[in-house]
file model-v1.cif (mmCIF, C-alpha atoms)
data_query
#
loop_
_atom_site.group_PDB
_atom_site.id
_atom_site.type_symbol
_atom_site.label_atom_id
_atom_site.label_comp_id
_atom_site.auth_asym_id
_atom_site.auth_seq_id
_atom_site.Cartn_x
_atom_site.Cartn_y
_atom_site.Cartn_z
ATOM 1 C CA MET A 1 -155.702 -49.363 62.145
ATOM 2 C CA GLU A 2 -158.923 -47.393 62.583
ATOM 3 C CA ILE A 3 -159.251 -44.013 64.286
ATOM 4 C CA ARG A 4 -162.191 -45.335 66.299
ATOM 5 C CA VAL A 5 -160.111 -48.201 67.652
ATOM 6 C CA LEU A 6 -157.316 -45.815 68.645
ATOM 7 C CA ARG A 7 -159.864 -43.835 70.650
ATOM 8 C CA TYR A 8 -160.968 -47.081 72.301
ATOM 9 C CA PHE A 9 -157.353 -47.937 73.109
ATOM 10 C CA LEU A 10 -156.708 -44.528 74.712
ATOM 11 C CA ALA A 11 -159.853 -44.825 76.809
ATOM 12 C CA VAL A 12 -158.710 -48.181 78.193
ATOM 13 C CA ALA A 13 -155.200 -46.775 78.802
ATOM 14 C CA ARG A 14 -156.653 -43.858 80.777
ATOM 15 C CA GLU A 15 -159.183 -45.851 82.783
ATOM 16 C CA GLU A 16 -156.882 -48.871 83.369
ATOM 17 C CA ASN A 17 -160.052 -50.952 83.392
ATOM 18 C CA ILE A 18 -161.978 -52.479 80.467
ATOM 19 C CA THR A 19 -165.396 -52.207 82.131
ATOM 20 C CA ALA A 20 -164.924 -48.554 83.119
ATOM 21 C CA ALA A 21 -163.681 -47.692 79.622
ATOM 22 C CA ALA A 22 -166.631 -49.532 78.024
ATOM 23 C CA ASN A 23 -169.088 -47.546 80.154
ATOM 24 C CA LEU A 24 -167.351 -44.322 79.169
ATOM 25 C CA LEU A 25 -167.469 -45.234 75.469
ATOM 26 C CA HIS A 26 -171.037 -46.569 75.613
ATOM 27 C CA VAL A 27 -170.056 -49.958 74.215
ATOM 28 C CA THR A 28 -170.308 -53.395 75.789
ATOM 29 C CA GLN A 29 -167.339 -54.849 77.648
ATOM 30 C CA PRO A 30 -167.044 -57.873 75.284
ATOM 31 C CA THR A 31 -167.077 -55.549 72.255
ATOM 32 C CA LEU A 32 -164.303 -53.391 73.692
ATOM 33 C CA SER A 33 -162.229 -56.423 74.722
ATOM 34 C CA ARG A 34 -162.517 -57.828 71.203
ATOM 35 C CA GLN A 35 -161.452 -54.507 69.636
ATOM 36 C CA ILE A 36 -158.352 -54.333 71.867
ATOM 37 C CA HIS A 37 -157.517 -57.976 71.130
ATOM 38 C CA ASP A 38 -157.860 -57.365 67.382
ATOM 39 C CA LEU A 39 -155.598 -54.307 67.676
ATOM 40 C CA GLU A 40 -152.947 -56.386 69.439
ATOM 41 C CA GLU A 41 -153.257 -59.023 66.728
ATOM 42 C CA GLU A 42 -152.905 -56.386 64.017
ATOM 43 C CA LEU A 43 -149.762 -54.913 65.615
ATOM 44 C CA GLY A 44 -148.337 -58.253 66.653
ATOM 45 C CA GLN A 45 -147.546 -56.988 70.145
ATOM 46 C CA PRO A 46 -149.239 -57.145 73.575
ATOM 47 C CA LEU A 47 -150.475 -53.709 74.630
ATOM 48 C CA PHE A 48 -151.763 -54.394 78.158
ATOM 49 C CA ILE A 49 -150.791 -56.580 81.110
ATOM 50 C CA LEU A 50 -152.814 -57.429 84.209
ATOM 51 C CA LYS A 51 -151.553 -55.848 87.446
ATOM 52 C CA SER A 52 -153.498 -56.534 90.645
ATOM 53 C CA HIS A 53 -156.957 -55.012 90.136
ATOM 54 C CA ARG A 54 -156.084 -52.976 87.033
ATOM 55 C CA ILE A 55 -154.529 -53.331 83.634
ATOM 56 C CA ALA A 56 -151.376 -51.460 82.683
ATOM 57 C CA LEU A 57 -149.602 -50.640 79.445
ATOM 58 C CA THR A 58 -146.722 -52.752 78.205
ATOM 59 C CA PRO A 59 -143.689 -50.883 76.785
ATOM 60 C CA GLU A 60 -145.275 -51.385 73.341
ATOM 61 C CA GLY A 61 -148.529 -49.987 74.710
ATOM 62 C CA VAL A 62 -146.737 -46.901 76.030
ATOM 63 C CA LEU A 63 -145.314 -46.260 72.551
ATOM 64 C CA LEU A 64 -148.710 -46.702 70.923
ATOM 65 C CA ARG A 65 -150.314 -44.360 73.453
ATOM 66 C CA LYS A 66 -147.873 -41.596 72.498
ATOM 67 C CA ARG A 67 -148.402 -42.164 68.782
ATOM 68 C CA ALA A 68 -152.188 -42.473 69.153
ATOM 69 C CA GLU A 69 -152.379 -39.179 71.030
ATOM 70 C CA GLU A 70 -150.412 -37.472 68.255
ATOM 71 C CA ILE A 71 -152.535 -39.072 65.505
ATOM 72 C CA LEU A 72 -155.857 -38.197 67.148
ATOM 73 C CA SER A 73 -154.708 -34.667 67.901
ATOM 74 C CA MET A 74 -153.930 -34.220 64.204
ATOM 75 C CA VAL A 75 -157.267 -35.792 63.200
ATOM 76 C CA ASP A 76 -159.205 -33.477 65.521
ATOM 77 C CA LYS A 77 -157.272 -30.454 64.288
ATOM 78 C CA THR A 78 -157.897 -31.376 60.639
ATOM 79 C CA GLU A 79 -161.615 -31.912 61.219
ATOM 80 C CA ALA A 80 -161.839 -28.553 62.978
ATOM 81 C CA GLU A 81 -160.077 -26.846 60.058
ATOM 82 C CA PHE A 82 -162.539 -28.282 57.544
ATOM 83 C CA ARG A 83 -165.491 -27.320 59.734
ATOM 84 C CA SER A 84 -164.126 -23.777 59.898
ATOM 85 C CA MET A 85 -164.152 -23.544 56.086
ATOM 86 C CA GLU A 86 -167.914 -23.272 56.292
ATOM 87 C CA ASP A 87 -167.481 -19.920 58.004
ATOM 88 C CA VAL A 88 -164.201 -17.992 57.887
ATOM 89 C CA VAL A 89 -165.016 -16.187 61.152
ATOM 90 C CA SER A 90 -164.655 -19.364 63.226
ATOM 91 C CA GLY A 91 -162.031 -21.994 63.805
ATOM 92 C CA ASP A 92 -159.152 -23.077 66.012
ATOM 93 C CA ILE A 93 -155.644 -21.636 66.311
ATOM 94 C CA TYR A 94 -152.910 -23.692 67.979
ATOM 95 C CA ILE A 95 -149.974 -21.808 69.535
ATOM 96 C CA GLY A 96 -146.963 -23.210 71.369
ATOM 97 C CA SER A 97 -144.639 -21.090 73.476
ATOM 98 C CA GLY A 98 -141.825 -21.124 75.945
ATOM 99 C CA GLU A 99 -142.342 -19.223 79.157
ATOM 100 C CA THR A 100 -142.085 -15.523 78.413
ATOM 101 C CA GLU A 101 -143.896 -12.341 79.356
ATOM 102 C CA ALA A 102 -143.603 -11.321 75.709
ATOM 103 C CA ILE A 103 -146.606 -13.493 74.910
ATOM 104 C CA LYS A 104 -148.571 -10.409 75.971
ATOM 105 C CA CYS A 105 -148.032 -8.816 72.543
ATOM 106 C CA VAL A 106 -149.420 -11.948 70.881
ATOM 107 C CA ALA A 107 -152.280 -12.096 73.381
ATOM 108 C CA GLU A 108 -153.314 -8.577 72.412
ATOM 109 C CA ILE A 109 -153.620 -9.633 68.772
ATOM 110 C CA ALA A 110 -155.524 -12.761 69.807
ATOM 111 C CA LYS A 111 -157.943 -10.621 71.815
ATOM 112 C CA SER A 112 -158.575 -8.129 69.001
ATOM 113 C CA LEU A 113 -159.125 -10.927 66.474
ATOM 114 C CA ARG A 114 -161.575 -12.727 68.738
ATOM 115 C CA ASP A 115 -163.438 -9.466 69.347
ATOM 116 C CA ALA A 116 -163.988 -9.266 65.599
ATOM 117 C CA TYR A 117 -164.604 -13.001 65.137
ATOM 118 C CA PRO A 118 -166.064 -14.561 68.315
ATOM 119 C CA GLY A 119 -166.088 -18.012 66.728
ATOM 120 C CA ILE A 120 -162.287 -18.246 66.883
ATOM 121 C CA ARG A 121 -160.817 -20.392 69.663
ATOM 122 C CA TYR A 122 -157.206 -20.600 70.842
ATOM 123 C CA HIS A 123 -155.310 -23.638 72.109
ATOM 124 C CA LEU A 124 -152.058 -22.937 73.973
ATOM 125 C CA HIS A 125 -149.234 -25.400 74.569
ATOM 126 C CA SER A 126 -146.344 -24.524 76.914
ATOM 127 C CA GLY A 127 -142.932 -26.085 76.443
ATOM 128 C CA ASN A 128 -139.310 -25.411 75.655
ATOM 129 C CA ALA A 129 -138.039 -24.798 72.115
ATOM 130 C CA GLN A 130 -137.488 -28.496 71.363
ATOM 131 C CA ASP A 131 -140.983 -29.439 72.495
ATOM 132 C CA VAL A 132 -142.632 -26.596 70.591
ATOM 133 C CA THR A 133 -140.747 -27.222 67.331
ATOM 134 C CA GLU A 134 -141.432 -30.969 67.488
ATOM 135 C CA ARG A 135 -145.163 -30.312 67.738
ATOM 136 C CA LEU A 136 -144.913 -27.646 65.031
ATOM 137 C CA ASP A 137 -143.129 -30.063 62.680
ATOM 138 C CA LYS A 138 -145.807 -32.708 63.264
ATOM 139 C CA GLY A 139 -148.554 -30.241 62.374
ATOM 140 C CA LEU A 140 -149.978 -30.158 65.905
ATOM 141 C CA LEU A 141 -149.332 -26.410 66.213
ATOM 142 C CA ASP A 142 -149.913 -23.535 63.801
ATOM 143 C CA PHE A 143 -147.424 -21.163 65.424
ATOM 144 C CA GLY A 144 -144.556 -21.380 67.875
ATOM 145 C CA ILE A 145 -143.076 -18.597 69.994
ATOM 146 C CA LEU A 146 -139.368 -19.291 70.479
ATOM 147 C CA ILE A 147 -136.951 -17.584 72.828
ATOM 148 C CA GLN A 148 -133.599 -16.865 71.180
ATOM 149 C CA PRO A 149 -131.177 -18.479 70.709
ATOM 150 C CA ALA A 150 -133.148 -21.031 68.720
ATOM 151 C CA ASP A 151 -132.664 -22.523 65.264
ATOM 152 C CA ILE A 152 -135.370 -20.951 63.082
ATOM 153 C CA SER A 153 -133.686 -21.566 59.717
ATOM 154 C CA LYS A 154 -136.328 -24.012 58.497
ATOM 155 C CA TYR A 155 -139.312 -21.811 59.422
ATOM 156 C CA ASP A 156 -140.932 -18.619 58.300
ATOM 157 C CA TYR A 157 -140.929 -16.154 61.155
ATOM 158 C CA LEU A 158 -141.517 -12.686 62.524
ATOM 159 C CA HIS A 159 -139.354 -11.016 65.142
ATOM 160 C CA LEU A 160 -141.421 -9.937 68.140
ATOM 161 C CA PRO A 161 -140.771 -6.432 69.522
ATOM 162 C CA ALA A 162 -139.755 -7.635 72.971
ATOM 163 C CA LYS A 163 -136.765 -8.989 74.879
ATOM 164 C CA ASP A 164 -136.450 -11.211 77.924
ATOM 165 C CA THR A 165 -133.923 -10.398 80.637
ATOM 166 C CA TRP A 166 -131.932 -13.210 82.248
ATOM 167 C CA GLY A 167 -131.002 -13.369 85.902
ATOM 168 C CA VAL A 168 -131.120 -15.529 89.003
ATOM 169 C CA LEU A 169 -134.169 -16.495 91.031
ATOM 170 C CA MET A 170 -133.345 -16.946 94.714
ATOM 171 C CA ARG A 171 -134.795 -16.890 98.201
ATOM 172 C CA LYS A 172 -135.139 -13.464 99.783
ATOM 173 C CA ASP A 173 -133.117 -14.634 102.780
ATOM 174 C CA SER A 174 -130.106 -15.353 100.530
ATOM 175 C CA PRO A 175 -127.001 -13.209 101.205
ATOM 176 C CA LEU A 176 -127.142 -12.187 97.522
ATOM 177 C CA ALA A 177 -130.769 -11.039 97.596
ATOM 178 C CA LYS A 178 -129.863 -7.397 98.325
ATOM 179 C CA ARG A 179 -127.570 -7.122 95.318
ATOM 180 C CA ALA A 180 -128.561 -4.974 92.337
ATOM 181 C CA TYR A 181 -127.053 -7.488 89.933
ATOM 182 C CA LEU A 182 -124.955 -10.657 89.836
ATOM 183 C CA GLU A 183 -121.695 -11.167 87.991
ATOM 184 C CA LYS A 184 -119.958 -14.323 86.816
ATOM 185 C CA SER A 185 -117.836 -14.489 89.955
ATOM 186 C CA ASP A 186 -121.008 -14.643 92.080
ATOM 187 C CA LEU A 187 -122.240 -17.785 90.308
ATOM 188 C CA ARG A 188 -119.089 -19.901 90.487
ATOM 189 C CA SER A 189 -119.754 -21.270 93.966
ATOM 190 C CA LEU A 190 -123.563 -21.460 93.800
ATOM 191 C CA PRO A 191 -125.673 -24.605 93.289
ATOM 192 C CA LEU A 192 -127.500 -23.673 90.083
ATOM 193 C CA ILE A 193 -130.855 -24.738 88.664
ATOM 194 C CA CYS A 194 -130.719 -24.119 84.906
ATOM 195 C CA SER A 195 -133.127 -24.227 81.988
ATOM 196 C CA ARG A 196 -132.219 -27.093 79.653
ATOM 197 C CA GLN A 197 -132.725 -24.761 76.693
ATOM 198 C CA ALA A 198 -130.322 -22.208 78.167
ATOM 199 C CA ILE A 199 -127.522 -24.760 78.551
ATOM 200 C CA ALA A 200 -128.175 -26.909 75.468
ATOM 201 C CA PRO A 201 -124.990 -27.495 73.403
ATOM 202 C CA ARG A 202 -126.447 -25.871 70.303
ATOM 203 C CA GLN A 203 -127.024 -22.652 72.288
ATOM 204 C CA ALA A 204 -123.423 -22.462 73.508
ATOM 205 C CA GLN A 205 -122.419 -19.761 71.035
ATOM 206 C CA ASN A 206 -124.887 -17.102 72.133
ATOM 207 C CA GLY A 207 -126.736 -18.243 75.265
ATOM 208 C CA PHE A 208 -125.983 -18.409 78.964
ATOM 209 C CA ALA A 209 -122.912 -20.607 78.386
ATOM 210 C CA ALA A 210 -121.404 -17.984 76.071
ATOM 211 C CA TRP A 211 -122.235 -15.223 78.580
ATOM 212 C CA PHE A 212 -120.423 -17.080 81.347
ATOM 213 C CA GLY A 213 -117.353 -17.916 79.298
ATOM 214 C CA GLU A 214 -114.582 -20.489 79.505
ATOM 215 C CA ASP A 215 -115.278 -21.556 83.113
ATOM 216 C CA TYR A 216 -118.877 -22.497 82.313
ATOM 217 C CA ALA A 217 -118.109 -26.234 82.398
ATOM 218 C CA HIS A 218 -117.064 -25.916 86.058
ATOM 219 C CA LEU A 219 -120.397 -24.499 87.266
ATOM 220 C CA ASP A 220 -122.269 -26.551 89.850
ATOM 221 C CA ILE A 221 -125.541 -27.262 87.972
ATOM 222 C CA VAL A 222 -127.500 -29.399 90.431
ATOM 223 C CA THR A 223 -130.872 -29.404 88.624
ATOM 224 C CA THR A 224 -132.203 -28.719 85.138
ATOM 225 C CA PHE A 225 -135.744 -27.785 84.110
ATOM 226 C CA ASN A 226 -137.852 -26.855 81.096
ATOM 227 C CA LEU A 227 -140.622 -24.845 82.815
ATOM 228 C CA ILE A 228 -140.053 -22.513 85.754
ATOM 229 C CA TYR A 229 -143.000 -23.387 88.026
ATOM 230 C CA ASN A 230 -141.466 -26.522 89.513
ATOM 231 C CA ALA A 231 -137.978 -25.007 89.418
ATOM 232 C CA ALA A 232 -139.220 -22.121 91.593
ATOM 233 C CA ILE A 233 -140.439 -24.661 94.155
ATOM 234 C CA MET A 234 -136.958 -26.186 94.170
ATOM 235 C CA VAL A 235 -135.475 -22.739 94.783
ATOM 236 C CA GLU A 236 -137.904 -22.081 97.614
ATOM 237 C CA ALA A 237 -136.930 -25.431 99.157
ATOM 238 C CA GLY A 238 -133.312 -24.258 99.232
ATOM 239 C CA ILE A 239 -131.936 -26.659 96.621
ATOM 240 C CA GLY A 240 -130.293 -23.966 94.528
ATOM 241 C CA TYR A 241 -130.468 -20.736 92.550
ATOM 242 C CA ALA A 242 -132.403 -20.771 89.247
ATOM 243 C CA VAL A 243 -130.920 -19.156 86.142
ATOM 244 C CA THR A 244 -134.051 -17.992 84.344
ATOM 245 C CA ILE A 245 -135.950 -15.167 82.673
ATOM 246 C CA ASP A 246 -137.452 -12.276 84.617
ATOM 247 C CA LYS A 247 -141.178 -11.954 85.391
ATOM 248 C CA LEU A 248 -142.006 -15.669 85.154
ATOM 249 C CA ALA A 249 -141.962 -16.661 88.815
ATOM 250 C CA ASN A 250 -143.855 -14.948 91.623
ATOM 251 C CA THR A 251 -141.514 -12.408 93.251
ATOM 252 C CA THR A 252 -144.154 -10.148 94.777
ATOM 253 C CA GLU A 253 -144.018 -8.935 98.370
ATOM 254 C CA SER A 254 -145.903 -12.022 99.550
ATOM 255 C CA SER A 255 -143.395 -14.383 97.876
ATOM 256 C CA ASN A 256 -140.239 -15.818 99.477
ATOM 257 C CA LEU A 257 -138.390 -15.357 96.182
ATOM 258 C CA CYS A 258 -136.682 -12.504 94.353
ATOM 259 C CA PHE A 259 -135.018 -12.027 90.963
ATOM 260 C CA ILE A 260 -131.568 -10.458 90.483
ATOM 261 C CA PRO A 261 -130.447 -9.634 86.897
ATOM 262 C CA LEU A 262 -127.073 -10.562 85.444
ATOM 263 C CA LYS A 263 -124.281 -8.099 84.651
ATOM 264 C CA PRO A 264 -123.270 -7.652 81.920
ATOM 265 C CA LYS A 265 -126.902 -7.792 80.890
ATOM 266 C CA LEU A 266 -128.046 -10.945 79.072
ATOM 267 C CA GLU A 267 -131.179 -10.563 76.948
ATOM 268 C CA SER A 268 -133.004 -12.850 74.532
ATOM 269 C CA GLY A 269 -135.115 -11.793 71.584
ATOM 270 C CA LEU A 270 -138.204 -13.689 70.510
ATOM 271 C CA ASP A 271 -139.609 -14.981 67.244
ATOM 272 C CA ILE A 272 -142.992 -16.334 66.266
ATOM 273 C CA VAL A 273 -142.464 -19.092 63.703
ATOM 274 C CA TRP A 274 -144.520 -21.361 61.444
ATOM 275 C CA LYS A 275 -143.745 -24.069 58.925
ATOM 276 C CA LYS A 276 -142.690 -22.955 55.460
ATOM 277 C CA TYR A 277 -145.400 -23.505 52.848
ATOM 278 C CA GLN A 278 -147.886 -24.045 55.667
ATOM 279 C CA VAL A 279 -151.518 -24.316 54.571
ATOM 280 C CA PHE A 280 -153.426 -22.481 57.282
ATOM 281 C CA SER A 281 -157.039 -22.705 58.313
ATOM 282 C CA PRO A 282 -158.985 -19.493 57.626
ATOM 283 C CA ALA A 283 -158.744 -18.550 61.309
ATOM 284 C CA ALA A 284 -154.977 -19.112 61.461
ATOM 285 C CA GLN A 285 -154.516 -17.185 58.202
ATOM 286 C CA LEU A 286 -156.366 -14.222 59.697
ATOM 287 C CA PHE A 287 -154.194 -14.441 62.793
ATOM 288 C CA LEU A 288 -151.010 -14.446 60.700
ATOM 289 C CA GLN A 289 -152.178 -11.403 58.772
ATOM 290 C CA ARG A 290 -152.835 -9.557 62.047
ATOM 291 C CA LEU A 291 -149.320 -10.467 63.197
ATOM 292 C CA LYS A 292 -147.814 -9.089 59.997
ATOM 293 C CA ASP A 293 -149.905 -5.930 60.190
ATOM 294 C CA GLN A 294 -148.968 -5.333 63.810
ATOM 295 C CA PHE A 295 -145.250 -5.959 63.543
ATOM 296 C CA GLY A 296 -144.804 -4.373 60.111
ATOM 297 C CA GLN A 297 -142.748 -7.127 58.497
#
call {"tool": "encode", "arguments": {"input": "model-v1.cif", "output": "structure tokens"}}
result
Amino acid sequence: MEIRVLRYFLAVAREENITAAANLLHVTQPTLSRQIHDLEEELGQPLFILKSHRIALTPEGVLLRKRAEEILSMVDKTEAEFRSMEDVVSGDIYIGSGETEAIKCVAEIAKSLRDAYPGIRYHLHSGNAQDVTERLDKGLLDFGILIQPADISKYDYLHLPAKDTWGVLMRKDSPLAKRAYLEKSDLRSLPLICSRQAIAPRQAQNGFAAWFGEDYAHLDIVTTFNLIYNAAIMVEAGIGYAVTIDKLANTTESSNLCFIPLKPKLESGLDIVWKKYQVFSPAAQLFLQRLKDQFGQ
């Protein structure tokens, strides 16, 4: 299976049309059709089916698309790392993170490093802890910023000097919007929109579930999410109250939403992690050294 053919396959999957993909790739339509046919023969599975005026992926094609994207992302990253070896002041750094305002302290380091080495470029990926660690394990990220609680036992890490405060995002016209804080008794009868990371079984010992206590299983969780943007829209639509971290959603004067913290206070620390025995590009190695210098660990 050739890298070039995987790029051809992804182009056809995106365009849903052989002719359009061939024009994009600057190859003839018969050449592209033959390459896709040969790929199907090699894998022993059909990858596309004809639907009306377009072609669509088969279930096997969907699987290959996911794997091809991962493979090509790794190929591109590896090529960039080798190109950067020609000049240690350039290169790419890949960082994954959950939603947190604490990324500011990492952004400051990124800014200072780029000021010194303008050839450095950053690539950010947003996702929950599971998404970030999966990409980290596959070598698609250099660093991951994880919100505690998270299992970091198989990584090297630095603790970041910041904490996130948990609370409830709600509409400003809610009867609870004037409260200074919310307690467990306030949440029992509310339709809740919860982060999947916050309620994951492996977080039960020290996350939101542990904060709430033995009646947690009886909460009315009507929606789960992994990133707050869409969850905030659900809150604004009146579907429920989002259990989330402060300073992620727009709660300014012009917004219809507000954030009320929990009592007793629930906070989460943060770690920046990387694979043990990781071989970094020169740019990523410089970034790691700046992190260590800044946080004194």
call {"tool": "atom_distance", "arguments": {"input": "model-v1.cif", "atom1": "CA of Lys111 (chain A)", "atom2": "CA of Ser97 (chain A)"}}
result
17.0 Å
call {"tool": "atom_distance", "arguments": {"input": "model-v1.cif", "atom1": "CA of Val27 (chain A)", "atom2": "CA of Tyr8 (chain A)"}}
result
9.7 Å
call {"tool": "closest_residue", "arguments": {"input": "model-v1.cif", "among": "A:Lys154, A:Lys184, A:Lys275, A:Arg171", "to": "Ala210 (chain A)", "atoms": "only C-alpha atoms"}}
result
A:Lys184
call {"tool": "resolve_selection", "arguments": {"input": "model-v1.cif", "expression": "the PyMOL selection byres ((chain A and resi 276-293) around 10)", "output": "CSV table (one decimal) with C-alpha atoms, keeping the file's coordinate frame"}}
result
chain,number,residue,atom,x,y,z
A,77,LYS,CA,-157.3,-30.5,64.3
A,78,THR,CA,-157.9,-31.4,60.6
A,80,ALA,CA,-161.8,-28.6,63.0
A,81,GLU,CA,-160.1,-26.8,60.1
A,82,PHE,CA,-162.5,-28.3,57.5
A,83,ARG,CA,-165.5,-27.3,59.7
A,84,SER,CA,-164.1,-23.8,59.9
A,85,MET,CA,-164.2,-23.5,56.1
A,86,GLU,CA,-167.9,-23.3,56.3
A,87,ASP,CA,-167.5,-19.9,58.0
A,88,VAL,CA,-164.2,-18.0,57.9
A,89,VAL,CA,-165.0,-16.2,61.2
A,90,SER,CA,-164.7,-19.4,63.2
A,91,GLY,CA,-162.0,-22.0,63.8
A,92,ASP,CA,-159.2,-23.1,66.0
A,93,ILE,CA,-155.6,-21.6,66.3
A,94,TYR,CA,-152.9,-23.7,68.0
A,95,ILE,CA,-150.0,-21.8,69.5
A,105,CYS,CA,-148.0,-8.8,72.5
A,106,VAL,CA,-149.4,-11.9,70.9
A,109,ILE,CA,-153.6,-9.6,68.8
A,110,ALA,CA,-155.5,-12.8,69.8
A,112,SER,CA,-158.6,-8.1,69.0
A,113,LEU,CA,-159.1,-10.9,66.5
A,114,ARG,CA,-161.6,-12.7,68.7
A,117,TYR,CA,-164.6,-13.0,65.1
A,119,GLY,CA,-166.1,-18.0,66.7
A,120,ILE,CA,-162.3,-18.2,66.9
A,121,ARG,CA,-160.8,-20.4,69.7
A,122,TYR,CA,-157.2,-20.6,70.8
A,139,GLY,CA,-148.6,-30.2,62.4
A,142,ASP,CA,-149.9,-23.5,63.8
A,143,PHE,CA,-147.4,-21.2,65.4
A,154,LYS,CA,-136.3,-24.0,58.5
A,155,TYR,CA,-139.3,-21.8,59.4
A,156,ASP,CA,-140.9,-18.6,58.3
A,157,TYR,CA,-140.9,-16.2,61.2
A,158,LEU,CA,-141.5,-12.7,62.5
A,160,LEU,CA,-141.4,-9.9,68.1
A,272,ILE,CA,-143.0,-16.3,66.3
A,273,VAL,CA,-142.5,-19.1,63.7
A,274,TRP,CA,-144.5,-21.4,61.4
A,275,LYS,CA,-143.7,-24.1,58.9
A,294,GLN,CA,-149.0,-5.3,63.8
A,295,PHE,CA,-145.2,-6.0,63.5
A,296,GLY,CA,-144.8,-4.4,60.1
A,297,GLN,CA,-142.7,-7.1,58.5
call {"tool": "atom_distance", "arguments": {"input": "model-v1.cif", "atom1": "CA of Thr165 (chain A)", "atom2": "CA of Lys247 (chain A)"}}
result
8.8 Å
call {"tool": "residues_around", "arguments": {"input": "model-v1.cif", "residues": "region 224-226 of chain A", "least_positions_apart": "2", "cutoff": "12 Å", "atoms": "only C-alpha atoms", "output": "VMD selection string"}}
result
chain A and resid 97 to 99 126 to 132 191 to 200 220 to 222 228 to 235 239 to 245
call {"tool": "closest_residue", "arguments": {"input": "model-v1.cif", "among": "A:Thr100, A:Asn23, A:Gln29, A:Ser73", "to": "Leu227 (chain A)", "atoms": "only C-alpha atoms"}}
result
A:Thr100
call {"tool": "residues_near_point", "arguments": {"input": "model-v1.cif", "point": "(-132.9, -13.5, 84.9)", "cutoff": "10 Å", "atoms": "all atoms listed in the file", "output": "list in words"}}
result
Asp164, Thr165, Trp166, Gly167, Val168, Leu169, Tyr181, Leu182, Ala242, Val243, Thr244, Ile245, Asp246, Lys247, Leu248, Phe259, Ile260, Pro261, Leu262, Lys265, Leu266 and Glu267 of chain A
call {"tool": "closest_residue", "arguments": {"input": "model-v1.cif", "among": "A:Arg7, A:Arg135, A:Arg179, A:His218", "to": "Lys263 (chain A)", "atoms": "only C-alpha atoms"}}
result
A:Arg179
call {"tool": "resolve_selection", "arguments": {"input": "model-v1.cif", "expression": "the PyMOL selection byres ((chain A and resi 16) around 12)", "output": "PyMOL selection string"}}
result
chain A and resi 8-15+17-22+47-57
call {"tool": "write_last_selection", "arguments": {"input": "model-v1.cif", "atoms": "C-alpha atoms", "output": "tab-separated table (two decimals), in the frame of the given file"}}
result
chain	number	residue	atom	x	y	z
A	8	TYR	CA	-160.97	-47.08	72.30
A	9	PHE	CA	-157.35	-47.94	73.11
A	10	LEU	CA	-156.71	-44.53	74.71
A	11	ALA	CA	-159.85	-44.82	76.81
A	12	VAL	CA	-158.71	-48.18	78.19
A	13	ALA	CA	-155.20	-46.78	78.80
A	14	ARG	CA	-156.65	-43.86	80.78
A	15	GLU	CA	-159.18	-45.85	82.78
A	17	ASN	CA	-160.05	-50.95	83.39
A	18	ILE	CA	-161.98	-52.48	80.47
A	19	THR	CA	-165.40	-52.21	82.13
A	20	ALA	CA	-164.92	-48.55	83.12
A	21	ALA	CA	-163.68	-47.69	79.62
A	22	ALA	CA	-166.63	-49.53	78.02
A	47	LEU	CA	-150.48	-53.71	74.63
A	48	PHE	CA	-151.76	-54.39	78.16
A	49	ILE	CA	-150.79	-56.58	81.11
A	50	LEU	CA	-152.81	-57.43	84.21
A	51	LYS	CA	-151.55	-55.85	87.45
A	52	SER	CA	-153.50	-56.53	90.64
A	53	HIS	CA	-156.96	-55.01	90.14
A	54	ARG	CA	-156.08	-52.98	87.03
A	55	ILE	CA	-154.53	-53.33	83.63
A	56	ALA	CA	-151.38	-51.46	82.68
A	57	LEU	CA	-149.60	-50.64	79.44
call {"tool": "closest_residue", "arguments": {"input": "model-v1.cif", "among": "A:Ile3, A:Met74, A:Leu43, A:Leu257", "to": "Lys138 (chain A)", "atoms": "all atoms listed in the file"}}
result
A:Met74
call {"tool": "axis_aligned_box", "arguments": {"input": "model-v1.cif", "around": "region 280-294 of chain A", "padding_each_side": "6 Å", "output": "lines of an AutoDock Vina configuration file"}}
result
center_x = -153.4
center_y = -14.0
center_z = 60.5
size_x = 23.2
size_y = 29.4
size_z = 18.5
call {"tool": "closest_residue", "arguments": {"input": "model-v1.cif", "among": "A:Phe208, A:Gln35, A:Thr28, A:Leu6", "to": "Lys66 (chain A)", "atoms": "only C-alpha atoms"}}
result
A:Leu6
call {"tool": "closest_residue", "arguments": {"input": "model-v1.cif", "among": "A:Leu32, A:His123, A:Val62, A:Thr223", "to": "Pro46 (chain A)", "atoms": "all atoms listed in the file"}}
result
A:Val62
call {"tool": "build_atoms", "arguments": {"input": "model-v1.cif", "residues": "region 231-236 of chain A", "atoms": "N, CA and C atoms", "output": "compact mmCIF listing (two decimals), in the coordinates of the input"}}
result
# COMPACT_ATOMS: atom_id res chain seq x y z
N ALA A 231 -139.32 -25.47 89.05
CA ALA A 231 -137.98 -25.01 89.42
C ALA A 231 -138.05 -23.99 90.55
N ALA A 232 -139.06 -23.12 90.53
CA ALA A 232 -139.22 -22.12 91.59
C ALA A 232 -139.48 -22.79 92.94
N ILE A 233 -140.21 -23.90 92.92
CA ILE A 233 -140.44 -24.66 94.16
C ILE A 233 -139.13 -25.22 94.68
N MET A 234 -138.26 -25.68 93.76
CA MET A 234 -136.96 -26.19 94.17
C MET A 234 -136.11 -25.08 94.79
N VAL A 235 -136.20 -23.88 94.22
CA VAL A 235 -135.48 -22.74 94.78
C VAL A 235 -135.99 -22.43 96.18
N GLU A 236 -137.30 -22.40 96.32
CA GLU A 236 -137.90 -22.08 97.61
C GLU A 236 -137.53 -23.12 98.66
